[in-house]
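K.L.:
So that we are looking at the same thing, I have put the structure below in structure tokens.
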2 protein chains.
Amino acid sequence: MPSIRDVARLAGVSHQTVSRVLNDHPSIRPETKQRVLDAIGVLDYRPNLAARALVTSRSNVIGVMSATIGEFGPASSIATIEEAARAEGYSVTTVNLPATTPEAIGDAVRQLVREQIAGIVVLAPQVRVFHVLRGMAIDVPFVSLQTASGATGESLAADQVEGARLATNHLIELGHRDIVHLAGPQDWIEAESRMRGYLDALRDSDLPTIPPIRGDWTADFGHFAGLELARRGDFTAVFAANDLMAIGLMHGFRDAGLDVPGHVSVVGFDDIPVAPHVWPPLTTVHQDFPELGRRAVEMLLAGIRGEETPAFGPLESQLLARASSAAPWRS
Amino acid sequence: MPSIRDVARLAGVSHQTVSRVLNDHPSIRPETKQRVLDAIGVLDYRPNLAARALVTSRSNVIGVMSATIGEFGPASSIATIEEAARAEGYSVTTVNLPATTPEAIGDAVRQLVREQIAGIVVLAPQVRVFHVLRGMAIDVPFVSLQTASGATGESLAADQVEGARLATNHLIELGHRDIVHLAGPQDWIEAESRMRGYLDALRDSDLPTIPPIRGDWTADFGHFAGLELARRGDFTAVFAANDLMAIGLMHGFRDAGLDVPGHVSVVGFDDIPVAPHVWPPLTTVHQDFPELGRRAVEMLLAGIRGEETPAFGPLESQLLARASSAAPWRS
DNA sequence: TCGCCGGGTGTGAACGTGCACATCCGGCGC
DNA sequence: GCGCCGGATGTGCACGTTCACACCCGGCGA
């Protein structure tokens with residue numbers, strides 16, 4: 001493998017001049033620069049990243065920390081993060097958190113820092129993750145996705161509160177008054193935001209609040225919740241915090257002999273690819289995960305380069321009314 | 001940050017002795033070793049990975065090349081790959097292929113090689129990917145997931161052919177004679193294997209072959225195919241090459257006024273999390289993606305260390321008969 | 001007793017790059 | 001004509017690790 005000195009020799013300059021060409025140093029004669037570039041081309045020279053990382057003590061690697069890489073949303077964001085980062089000359093290394101205990105989070109961050117990564121994108125939007133991150137006082141720039149605005153560090157999110165409000169208002173406008181919320185796990189920031197949007201919408205319409213059910217994001221739990229809820233019957237609609245639970249929920253209702261949307265309306269959140277194809281097609285709130293990933297990289301790179309971070313407003317959420325929601329059933 | 005020399009000084013040995021301790025060199029006195037380990041503990045020393053990569057010209061990083069990180073299967077495998085690799089002291093960097101052109105594949109591989117990764121896991125089971133890989137004659141060990149047995153390089157897969165055969169036989173046993181296959185894209189090895197299993201099953205039962213439909217794995221295409229197929233009516237069952245298409249297919253049939261499984265039976269492949277919760281619950285073939293990821297890492301690390309690669313048989317696929325398949329409808 | 005062997009340890013160099021500093025040179029103002 | 005300035009380039013070192021080799025020393029066979 002050719003080194004920077006081989007290039008220098010071929011171009012008839014010093015290795016330092018080659019280094020300057022590589023790093024876009026301003027004061028270099030165009031003619032010299034061209035000679036160096038030619039030599040680079042001839043030798044098919046590529047800078048050794050390890051050597052560069054050694055001397056600068058940081059690498060062109062971005063760490064992505066995720067708790068739920070298997071889910072559709074995070075996976076979509078990661079794909080774009082990866083693509084956008086690579087376009088800027090950065091590569092991406094992922095850390096999946098098997099558990100969200102403080103120890104696991106701490107280990108993950110330490111491992112990333114040890115690899116001298118340039119920045120971290122956090123896709124594990126749980127409150128405790130931020131506690132740990134703050135406690136570690138890491139000196140690496142980081143961006144977190146899907147967090148409520150106002151969190152520490154640079155944060156970026158689709159407007160979850162607004163999305164949840166849209167979903168709830170949709171049900172209210174259809175005529176529902178007794179709307180249950182199937183929420184996400186307690187610790188999740190997204191779960192809290194969506195619940196807040198739901199509560200806000202109810203309050204704005206002076207509707208009664210029914211205690212939400214805490215789920216775990218899975219379709220299996222949704223199914224279970226559907227069976228349970230069917231026994232209560234003190235509601236005409238459910239807003240589920242994500243599509244997976246919503247789909248499970250409809251399954252549970254069906255098993256209990258309830259028709260959706262005949263007896264009960266259901267609204268989800270995320271707009272996963274199967275949402276339009278299940279029966280009945282799921283009314284849900286669309287989130288632009290890829291765009292979120294793109295912005296995350298832009299923001300993080302600005303932080304890494306010490307530039308001013310671009311100010312993104314929250315990404316607009318969009319309600320997609322499909323067939324799982326309808327006017328309430330009058331007995 | 002403490003360096004190896006700081007540790008050496010504190011332990012009263014040379015830096016080389018410390019290096020030997022770190023790399024488990026055999027000839028070192030237990031007492032000396034302990035002194036070094038103590039010093040490491042006191043200083044909280046961690047070896048600098050960049051320096052190590054520089055001198056050994058390879059790093060403890062595994063590259064994962066994927067074309068469809070957004071899909072459930074690959075995403076699940078990646079999560080386990082990442083976990084298993086990290087447990088062995090390796091970290092994982094992912095490359096998402098935006099397109100599967102030879103150029104894009106070549107770029108991705110070059111980029112990985114340039115980062116001096118120790119090995120590659122390929123999750124883009126397309127024929128042309130292997131052409132490119134073979135053409136590049138890379139000297140990095142690699143393992144490919146989800147390929148037919150017999151491919152070059154170390155390959156690892158759930159038994160797709162057998163799974164597809166199970167699915168098709170299930171329909172045959174129910175009494176279906178006219179079974180259509182909604183296949184995956186032409187270039188995909190998985191698509192070919194599943195089609196082969198389907199064709200094998202038909203042949204073994206002396207049933208007529210109907211030309212398969214080529215899909216693109218998406219639910220949207222499945223929906224389209226369902227509408228098209230409904231107009232034909234020369235079949236009583238469909239075996240779809242993945243669950244997403246199967247779900248879209250059922251949607252299309254529903255739109256066309258066909259009942260599943262009343263008029264048409266549908267079987268999918270993969271067992272994604274929503275499969276049991278859609279209506280009707282989808283009969284499908286379960287694949288153990290996490291186990292696949294685990295084995296991939298084990299195999300790759302063996303290759304990296306120059307050990308004998310463990311011989312894994314194909315992972316058993318498992319048919320889950322649910323409600324989308326039933327005996328054919330007799331008019 | 002001598003020499004050889006091998007376990008245990010130390011010494012110096014090398015990996016490929018960027019940084020700090022030195023050097024050279026032409027132009028410009030006085 | 002002299003000195004200064006700044007653009008353009010070169011020199012040497014440092015980063016933290018591993019590798020090749022040298023060294024020391026105790027044991028054992030001749």
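Please note that chains go A, B, ... in the order of the structure tokens, that every chain numbers its residues from 1, and that ligands are numbered from 1 in the order shown.
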Tell me as a PDB file with C-alpha atoms, in the first residue's frame which residues belonging to chain A come within 8 Å of chain D, counting only C-alpha atoms (C1' of nucleotides).

P.N.:
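Saved result, out_35.pdb, follows:
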```
ATOM      1  CA  SER A  14       7.750  16.693   0.697  1.00  0.00           C
ATOM      2  CA  GLN A  16       3.970  17.532   4.252  1.00  0.00           C
ATOM      3  CA  THR A  17       2.950  19.138   0.993  1.00  0.00           C
ATOM      4  CA  SER A  27      -1.520  28.180   0.748  1.00  0.00           C
ATOM      5  CA  ILE A  28      -0.418  25.782  -1.892  1.00  0.00           C
ATOM      6  CA  ARG A  29       0.360  26.541  -5.520  1.00  0.00           C
ATOM      7  CA  LEU A  54      -3.716   8.088  15.885  1.00  0.00           C
ATOM      8  CA  VAL A  55      -2.214  11.496  15.349  1.00  0.00           C
TER       9      VAL A  55
END
```

K.L.:
From the DSSP assignment of the backbone, select every residue of stretch 157-313 of chain B that is alpha helix (DSSP H), and format the answer as a PyMOL selection string.

P.N.:
chain B and resi 160-174+189-204+219-230+243-255+289-305

K.L.:
Quick one: chain A onto chain B, least squares on all Cα paired in order, result as a CSV table (one decimal) with C-alpha atoms, in the first residue's frame?

P.N.:
```
chain,number,residue,atom,x,y,z
A,1,MET,CA,-5.0,9.4,28.4
A,2,PRO,CA,-2.5,6.9,29.8
A,3,SER,CA,-0.4,5.1,27.3
A,4,ILE,CA,1.2,1.7,27.4
A,5,ARG,CA,4.5,3.4,28.6
A,6,ASP,CA,2.7,5.0,31.6
A,7,VAL,CA,1.5,1.6,32.6
A,8,ALA,CA,5.0,0.2,32.1
A,9,ARG,CA,6.6,2.8,34.3
A,10,LEU,CA,4.1,2.3,37.1
A,11,ALA,CA,4.5,-1.4,37.0
A,12,GLY,CA,8.3,-1.1,36.8
A,13,VAL,CA,8.6,-3.1,33.5
A,14,SER,CA,9.1,-2.3,29.9
A,15,HIS,CA,6.3,-1.3,27.6
A,16,GLN,CA,6.8,-4.5,25.7
A,17,THR,CA,6.0,-6.5,28.8
A,18,VAL,CA,2.8,-4.6,29.1
A,19,SER,CA,2.1,-5.3,25.5
A,20,ARG,CA,2.6,-9.0,26.1
A,21,VAL,CA,0.2,-9.0,29.0
A,22,LEU,CA,-2.4,-7.3,26.8
A,23,ASN,CA,-2.0,-9.9,24.1
A,24,ASP,CA,-1.9,-12.9,26.3
A,25,HIS,CA,1.6,-13.8,25.5
A,26,PRO,CA,2.5,-17.2,27.1
A,27,SER,CA,5.9,-16.6,28.5
A,28,ILE,CA,5.3,-14.1,31.2
A,29,ARG,CA,5.7,-14.6,35.0
A,30,PRO,CA,2.3,-14.6,36.8
A,31,GLU,CA,3.7,-12.2,39.3
A,32,THR,CA,4.8,-9.8,36.7
A,33,LYS,CA,1.5,-10.1,34.9
A,34,GLN,CA,-0.3,-9.3,38.1
A,35,ARG,CA,1.8,-6.2,38.6
A,36,VAL,CA,1.0,-5.0,35.1
A,37,LEU,CA,-2.7,-5.7,35.5
A,38,ASP,CA,-2.8,-3.8,38.7
A,39,ALA,CA,-1.1,-0.8,37.1
A,40,ILE,CA,-3.7,-1.0,34.2
A,41,GLY,CA,-6.4,-0.9,36.8
A,42,VAL,CA,-5.0,2.0,38.7
A,43,LEU,CA,-4.6,4.1,35.6
A,44,ASP,CA,-7.8,2.9,34.0
A,45,TYR,CA,-5.7,2.3,30.9
A,46,ARG,CA,-7.3,1.3,27.6
A,47,PRO,CA,-5.2,0.3,24.6
A,48,ASN,CA,-5.4,2.8,21.8
A,49,LEU,CA,-7.2,1.1,19.0
A,50,ALA,CA,-6.0,3.4,16.3
A,51,ALA,CA,-2.3,2.8,17.2
A,52,ARG,CA,-2.9,-0.9,17.2
A,53,ALA,CA,-4.7,-0.8,13.9
A,54,LEU,CA,-1.8,1.3,12.5
A,55,VAL,CA,0.9,-1.2,13.4
A,56,THR,CA,-1.0,-4.4,12.7
A,57,SER,CA,-2.7,-2.9,9.7
A,58,ARG,CA,-6.0,-4.3,10.7
A,59,SER,CA,-8.7,-3.3,13.2
A,60,ASN,CA,-11.1,-5.1,15.4
A,61,VAL,CA,-14.0,-4.0,13.3
A,62,ILE,CA,-16.4,-6.1,11.4
A,63,GLY,CA,-18.2,-4.6,8.4
A,64,VAL,CA,-21.8,-5.4,7.7
A,65,MET,CA,-22.9,-4.8,4.2
A,66,SER,CA,-26.7,-4.7,3.8
A,67,ALA,CA,-29.0,-3.7,1.0
A,68,THR,CA,-32.2,-3.8,3.1
A,69,ILE,CA,-31.5,-2.7,6.6
A,70,GLY,CA,-35.0,-1.3,6.9
A,71,GLU,CA,-36.5,-4.8,6.6
A,72,PHE,CA,-37.4,-6.8,9.7
A,73,GLY,CA,-35.2,-9.8,8.9
A,74,PRO,CA,-31.9,-8.1,8.2
A,75,ALA,CA,-32.4,-5.7,11.0
A,76,SER,CA,-32.9,-8.5,13.5
A,77,SER,CA,-29.9,-10.3,12.2
A,78,ILE,CA,-27.8,-7.1,12.4
A,79,ALA,CA,-28.8,-6.6,16.0
A,80,THR,CA,-27.5,-10.0,17.0
A,81,ILE,CA,-24.4,-9.7,14.9
A,82,GLU,CA,-23.6,-6.5,16.6
A,83,GLU,CA,-24.2,-7.9,20.0
A,84,ALA,CA,-22.2,-11.1,19.4
A,85,ALA,CA,-19.3,-9.2,17.8
A,86,ARG,CA,-19.1,-6.8,20.7
A,87,ALA,CA,-19.0,-9.7,23.1
A,88,GLU,CA,-15.9,-10.8,21.3
A,89,GLY,CA,-14.3,-7.4,21.4
A,90,TYR,CA,-15.1,-6.5,17.9
A,91,SER,CA,-17.2,-3.5,16.9
A,92,VAL,CA,-19.4,-3.3,13.9
A,93,THR,CA,-19.7,-0.8,11.1
A,94,THR,CA,-22.6,-1.0,8.7
A,95,VAL,CA,-22.7,0.0,5.1
A,96,ASN,CA,-26.1,0.3,3.5
A,97,LEU,CA,-26.2,-0.2,-0.2
A,98,PRO,CA,-28.5,2.4,-1.7
A,99,ALA,CA,-28.5,0.6,-4.9
A,100,THR,CA,-27.1,-2.8,-5.9
A,101,THR,CA,-25.2,-1.6,-8.9
A,102,PRO,CA,-21.7,-3.1,-9.3
A,103,GLU,CA,-20.3,0.4,-8.7
A,104,ALA,CA,-22.1,0.9,-5.4
A,105,ILE,CA,-21.1,-2.5,-4.2
A,106,GLY,CA,-17.5,-2.0,-5.2
A,107,ASP,CA,-17.4,1.4,-3.5
A,108,ALA,CA,-18.9,-0.1,-0.3
A,109,VAL,CA,-16.3,-2.9,-0.2
A,110,ARG,CA,-13.4,-0.6,-1.0
A,111,GLN,CA,-14.5,1.7,1.8
A,112,LEU,CA,-14.7,-1.2,4.2
A,113,VAL,CA,-11.3,-2.5,3.2
A,114,ARG,CA,-9.8,0.9,3.5
A,115,GLU,CA,-11.0,1.0,7.1
A,116,GLN,CA,-8.9,-2.1,7.6
A,117,ILE,CA,-11.8,-4.1,8.9
A,118,ALA,CA,-11.2,-7.6,10.0
A,119,GLY,CA,-14.0,-9.3,8.1
A,120,ILE,CA,-17.3,-8.7,6.3
A,121,VAL,CA,-20.8,-10.0,6.8
A,122,VAL,CA,-22.8,-9.7,3.6
A,123,LEU,CA,-26.5,-9.3,4.0
A,124,ALA,CA,-27.3,-8.4,0.5
A,125,PRO,CA,-28.0,-11.7,-1.0
A,126,GLN,CA,-28.1,-10.8,-4.6
A,127,VAL,CA,-26.3,-12.7,-7.2
A,128,ARG,CA,-24.5,-9.7,-8.6
A,129,VAL,CA,-23.1,-8.9,-5.2
A,130,PHE,CA,-21.2,-12.1,-5.3
A,131,HIS,CA,-20.0,-11.5,-8.8
A,132,VAL,CA,-18.5,-8.2,-7.6
A,133,LEU,CA,-17.0,-9.7,-4.5
A,134,ARG,CA,-15.4,-12.5,-6.4
A,135,GLY,CA,-14.2,-10.1,-9.0
A,136,MET,CA,-12.5,-7.9,-6.4
A,137,ALA,CA,-10.6,-10.8,-5.0
A,138,ILE,CA,-10.5,-9.2,-1.6
A,139,ASP,CA,-8.3,-10.7,1.0
A,140,VAL,CA,-10.6,-10.1,3.9
A,141,PRO,CA,-12.6,-13.1,5.2
A,142,PHE,CA,-16.3,-12.8,4.6
A,143,VAL,CA,-19.5,-14.6,5.4
A,144,SER,CA,-22.7,-14.2,3.6
A,145,LEU,CA,-26.1,-14.6,5.1
A,146,GLN,CA,-29.2,-15.9,3.4
A,147,THR,CA,-27.5,-17.4,0.4
A,148,ALA,CA,-28.1,-20.7,-1.2
A,149,SER,CA,-25.6,-23.3,-0.1
A,150,GLY,CA,-22.9,-23.7,-2.6
A,151,ALA,CA,-22.1,-20.1,-3.0
A,152,THR,CA,-18.5,-19.0,-2.8
A,153,GLY,CA,-17.1,-17.8,0.4
A,154,GLU,CA,-18.5,-19.0,3.7
A,155,SER,CA,-22.2,-19.0,3.5
A,156,LEU,CA,-24.9,-19.4,6.0
A,157,ALA,CA,-28.6,-19.6,5.7
A,158,ALA,CA,-31.9,-20.8,7.0
A,159,ASP,CA,-33.0,-23.5,4.7
A,160,GLN,CA,-35.1,-21.5,2.3
A,161,VAL,CA,-35.7,-24.2,-0.2
A,162,GLU,CA,-37.0,-26.5,2.5
A,163,GLY,CA,-39.1,-23.7,4.1
A,164,ALA,CA,-40.7,-23.0,0.7
A,165,ARG,CA,-41.3,-26.6,0.2
A,166,LEU,CA,-43.0,-26.8,3.6
A,167,ALA,CA,-45.2,-23.9,2.8
A,168,THR,CA,-46.2,-25.3,-0.5
A,169,ASN,CA,-46.8,-28.8,0.8
A,170,HIS,CA,-49.0,-27.3,3.5
A,171,LEU,CA,-51.2,-25.9,0.8
A,172,ILE,CA,-51.1,-29.2,-1.2
A,173,GLU,CA,-52.1,-31.2,1.9
A,174,LEU,CA,-55.0,-28.9,2.4
A,175,GLY,CA,-56.2,-30.0,-1.0
A,176,HIS,CA,-55.0,-27.2,-3.2
A,177,ARG,CA,-53.9,-28.1,-6.7
A,178,ASP,CA,-53.6,-24.7,-8.4
A,179,ILE,CA,-51.1,-22.7,-6.4
A,180,VAL,CA,-49.5,-19.5,-7.6
A,181,HIS,CA,-46.2,-18.2,-6.4
A,182,LEU,CA,-45.6,-14.5,-5.8
A,183,ALA,CA,-41.8,-14.5,-6.0
A,184,GLY,CA,-39.2,-12.0,-5.0
A,185,PRO,CA,-37.0,-10.0,-7.4
A,186,GLN,CA,-35.1,-11.9,-10.0
A,187,ASP,CA,-31.6,-11.2,-8.8
A,188,TRP,CA,-32.2,-12.2,-5.2
A,189,ILE,CA,-30.8,-15.5,-4.1
A,190,GLU,CA,-33.5,-15.9,-1.4
A,191,ALA,CA,-36.1,-15.3,-4.0
A,192,GLU,CA,-34.7,-18.1,-6.2
A,193,SER,CA,-34.4,-20.5,-3.3
A,194,ARG,CA,-38.0,-20.0,-2.3
A,195,MET,CA,-39.1,-20.4,-5.8
A,196,ARG,CA,-37.2,-23.6,-6.2
A,197,GLY,CA,-38.7,-25.0,-3.0
A,198,TYR,CA,-42.1,-24.2,-4.4
A,199,LEU,CA,-41.4,-25.8,-7.7
A,200,ASP,CA,-39.9,-28.9,-6.1
A,201,ALA,CA,-43.0,-29.4,-4.0
A,202,LEU,CA,-45.3,-29.0,-7.0
A,203,ARG,CA,-43.2,-31.5,-9.0
A,204,ASP,CA,-43.1,-34.0,-6.2
A,205,SER,CA,-46.9,-34.0,-6.2
A,206,ASP,CA,-47.2,-33.9,-9.9
A,207,LEU,CA,-49.1,-30.7,-9.9
A,208,PRO,CA,-49.3,-28.2,-12.7
A,209,THR,CA,-46.9,-25.2,-12.6
A,210,ILE,CA,-48.3,-21.8,-13.0
A,211,PRO,CA,-45.8,-19.1,-14.0
A,212,PRO,CA,-44.8,-17.1,-10.9
A,213,ILE,CA,-45.3,-13.4,-10.5
A,214,ARG,CA,-42.2,-11.4,-9.9
A,215,GLY,CA,-42.6,-9.0,-7.0
A,216,ASP,CA,-40.3,-6.5,-5.2
A,217,TRP,CA,-40.9,-7.7,-1.6
A,218,THR,CA,-43.2,-4.7,-0.7
A,219,ALA,CA,-46.7,-4.9,0.6
A,220,ASP,CA,-47.7,-2.3,-2.0
A,221,PHE,CA,-46.7,-4.7,-4.7
A,222,GLY,CA,-48.6,-7.5,-3.0
A,223,HIS,CA,-51.7,-5.4,-3.0
A,224,PHE,CA,-51.3,-4.7,-6.7
A,225,ALA,CA,-50.7,-8.4,-7.4
A,226,GLY,CA,-53.8,-9.3,-5.4
A,227,LEU,CA,-56.0,-7.1,-7.5
A,228,GLU,CA,-54.5,-8.5,-10.7
A,229,LEU,CA,-54.7,-12.1,-9.6
A,230,ALA,CA,-58.3,-11.7,-8.6
A,231,ARG,CA,-59.2,-11.2,-12.2
A,232,ARG,CA,-57.7,-14.5,-13.2
A,233,GLY,CA,-59.2,-17.0,-10.9
A,234,ASP,CA,-57.2,-19.9,-12.2
A,235,PHE,CA,-55.9,-20.8,-8.7
A,236,THR,CA,-57.1,-21.4,-5.1
A,237,ALA,CA,-53.9,-20.6,-3.2
A,238,VAL,CA,-50.9,-18.3,-3.3
A,239,PHE,CA,-47.5,-18.8,-1.7
A,240,ALA,CA,-45.9,-15.4,-1.3
A,241,ALA,CA,-42.1,-15.1,-1.0
A,242,ASN,CA,-42.3,-12.9,2.1
A,243,ASP,CA,-44.9,-11.8,4.6
A,244,LEU,CA,-45.1,-8.2,3.5
A,245,MET,CA,-46.2,-9.2,0.0
A,246,ALA,CA,-48.6,-11.8,1.5
A,247,ILE,CA,-50.2,-9.1,3.7
A,248,GLY,CA,-50.6,-6.8,0.7
A,249,LEU,CA,-51.9,-9.7,-1.3
A,250,MET,CA,-54.7,-10.3,1.2
A,251,HIS,CA,-55.5,-6.7,1.1
A,252,GLY,CA,-55.8,-6.8,-2.7
A,253,PHE,CA,-58.0,-9.9,-2.6
A,254,ARG,CA,-60.2,-8.3,0.0
A,255,ASP,CA,-60.6,-5.2,-2.2
A,256,ALA,CA,-61.5,-7.5,-5.1
A,257,GLY,CA,-64.2,-9.2,-3.0
A,258,LEU,CA,-62.3,-12.4,-2.5
A,259,ASP,CA,-62.3,-13.9,1.0
A,260,VAL,CA,-59.1,-15.3,2.6
A,261,PRO,CA,-59.1,-18.2,3.3
A,262,GLY,CA,-62.6,-18.8,2.1
A,263,HIS,CA,-61.9,-18.3,-1.6
A,264,VAL,CA,-58.1,-18.1,-1.6
A,265,SER,CA,-55.5,-19.4,0.8
A,266,VAL,CA,-52.3,-17.3,1.4
A,267,VAL,CA,-49.0,-18.4,2.9
A,268,GLY,CA,-46.1,-16.0,3.6
A,269,PHE,CA,-42.5,-16.3,4.6
A,270,ASP,CA,-40.4,-14.8,7.4
A,271,ASP,CA,-42.9,-14.6,10.3
A,272,ILE,CA,-42.6,-10.9,10.9
A,273,PRO,CA,-44.0,-9.6,14.2
A,274,VAL,CA,-47.4,-8.5,12.8
A,275,ALA,CA,-48.0,-11.8,11.0
A,276,PRO,CA,-50.0,-13.4,13.7
A,277,HIS,CA,-52.1,-10.2,14.3
A,278,VAL,CA,-53.3,-9.3,10.8
A,279,TRP,CA,-56.6,-10.5,9.6
A,280,PRO,CA,-56.6,-13.3,8.9
A,281,PRO,CA,-53.6,-14.3,10.9
A,282,LEU,CA,-51.0,-15.2,8.4
A,283,THR,CA,-49.8,-18.8,7.8
A,284,THR,CA,-46.0,-18.4,7.3
A,285,VAL,CA,-42.6,-19.9,7.6
A,286,HIS,CA,-40.6,-18.9,10.6
A,287,GLN,CA,-37.0,-18.0,10.3
A,288,ASP,CA,-34.6,-17.5,13.2
A,289,PHE,CA,-32.9,-14.4,12.1
A,290,PRO,CA,-31.1,-13.7,15.4
A,291,GLU,CA,-29.5,-17.2,15.4
A,292,LEU,CA,-28.4,-16.6,11.9
A,293,GLY,CA,-26.6,-13.5,13.0
A,294,ARG,CA,-25.0,-15.3,15.9
A,295,ARG,CA,-23.7,-18.0,13.7
A,296,ALA,CA,-22.5,-15.5,11.1
A,297,VAL,CA,-20.2,-13.9,13.7
A,298,GLU,CA,-19.0,-17.2,15.0
A,299,MET,CA,-18.1,-18.2,11.5
A,300,LEU,CA,-16.5,-15.0,10.6
A,301,LEU,CA,-14.4,-14.8,13.7
A,302,ALA,CA,-13.1,-18.3,13.1
A,303,GLY,CA,-12.1,-17.2,9.6
A,304,ILE,CA,-10.4,-14.1,11.0
A,305,ARG,CA,-8.4,-16.0,13.6
A,306,GLY,CA,-7.5,-18.6,11.0
A,307,GLU,CA,-9.2,-21.3,12.9
A,308,GLU,CA,-11.2,-24.0,11.3
A,309,THR,CA,-14.7,-22.7,10.5
A,310,PRO,CA,-17.4,-24.4,12.3
A,311,ALA,CA,-19.7,-26.3,10.0
A,312,PHE,CA,-23.3,-25.3,10.5
A,313,GLY,CA,-26.0,-27.1,8.8
A,314,PRO,CA,-28.8,-25.0,7.4
A,315,LEU,CA,-31.0,-23.6,10.0
A,316,GLU,CA,-34.3,-25.3,10.2
A,317,SER,CA,-37.3,-23.4,8.9
A,318,GLN,CA,-40.6,-23.9,10.6
A,319,LEU,CA,-44.1,-23.7,9.2
A,320,LEU,CA,-46.6,-21.9,11.3
A,321,ALA,CA,-50.1,-22.7,10.2
A,322,ARG,CA,-52.5,-19.9,11.0
A,323,ALA,CA,-55.8,-18.8,9.7
A,324,SER,CA,-54.9,-17.5,6.2
A,325,SER,CA,-54.8,-21.0,4.8
A,326,ALA,CA,-57.6,-23.5,4.7
A,327,ALA,CA,-59.0,-26.2,2.4
A,328,PRO,CA,-60.0,-24.9,-1.0
A,329,TRP,CA,-63.4,-23.6,-1.6
A,330,ARG,CA,-65.7,-25.9,-3.6
A,331,SER,CA,-68.3,-24.0,-5.7
```

K.L.:
Up to 12 Å from chain A, what residues of chain C turn up? Count only C-alpha atoms (C1' of nucleotides) and give them as a PyMOL selection string.

P.N.:
chain C and resi 15-19

K.L.:
Report the residues of stretch 53-219 of chain B whose backbone DSSP state falls under strand (DSSP E or B), written as a PyMOL selection string.

P.N.:
chain B and resi 61-66+91-96+119-123+126+142-145+154-156+158+179-183+188+213-214
